[in-house]
Amino acid sequence: MKSAQEDEYLEFVTARAKAMYRSAYVLAAGDTHLAEDLVQETLGRMYVHWKRVARADNPVAYAQSVLVRTFLSLRRRRSTGERPLGMMPDRAAAGPDTALRLALLDALGQLPPRDRAVLLLRYWEDRSIEETAQMLRLSSSAVRSQGTRALGRLRALLGDSLADLVPH
């Protein structure tokens, strides 16, 4: 890669790495190590194809698509791997919404990977149905139905206890 392209890539990474990590953290249901791996893998793929990515209409959306596809691909490959028995945060979270955040991350972790991806793109990233469909290579109606089912599963997992966790 030429120096000018490297500078452009580094500028992109500097501007987007934190946002990509936040998205990866939600996809990974709070697993910081997996989130870091997802971002690293995504940025590596972006680097290899940077010449093409830089010419894309929206490199940020392209990066988000790569992140989600990397997550889904990794979940398929790791489907028979180790599974942690409990969730142990790396560090204590601060703020009034700690219990709510942990409950949501735990519930998201119990959803299938594609459901998490749909919820992340639609509600965390605030993407349209069409954008989400394009990123996940699904039809718009599949995104709608999967999103509805995923929200229903999430509500069932959280139950009535969620109201107790919301700060008043």
# chains A, B, ... in the order shown; residues from 1 in each chain; ligands from 1
$ residues_around --residues "segment 133-141 of chain A" --least-positions-apart "4" --cutoff "7 Å" --atoms "only C-alpha atoms" --output "list in words"
Ser65, Ile129 and Ser145 of chain A
$ select_by_dssp --residues "segment 5-167 of chain A" --states "alpha helix (DSSP H)" --output "ChimeraX atom specification"
/A:5-27,32-48,50-55,59-77,98-109,113-119,129-136,140-158,161-165
$ closest_residue --among "A:Met46, A:Val143, A:Leu38, A:Ala28" --to "Val13 of chain A" --atoms "only C-alpha atoms"
A:Met46
$ closest_atom_pairs --of "segment 42-159 of chain A" --to "segment 5-9 of chain A" --cutoff "8 Å" --atoms "only C-alpha atoms" --output "JSON lines"
{"residue": "A:Tyr47", "atom": "CA", "partner": "A:Tyr9", "partner_atom": "CA", "distance": 7.1}
{"residue": "A:Trp50", "atom": "CA", "partner": "A:Tyr9", "partner_atom": "CA", "distance": 7.0}
{"residue": "A:Lys51", "atom": "CA", "partner": "A:Gln5", "partner_atom": "CA", "distance": 7.4}
$ closest_residue --among "A:Leu74, A:Ala56, A:Leu154, A:Ala61" --to "Thr132 of chain A" --atoms "only C-alpha atoms"
A:Ala61
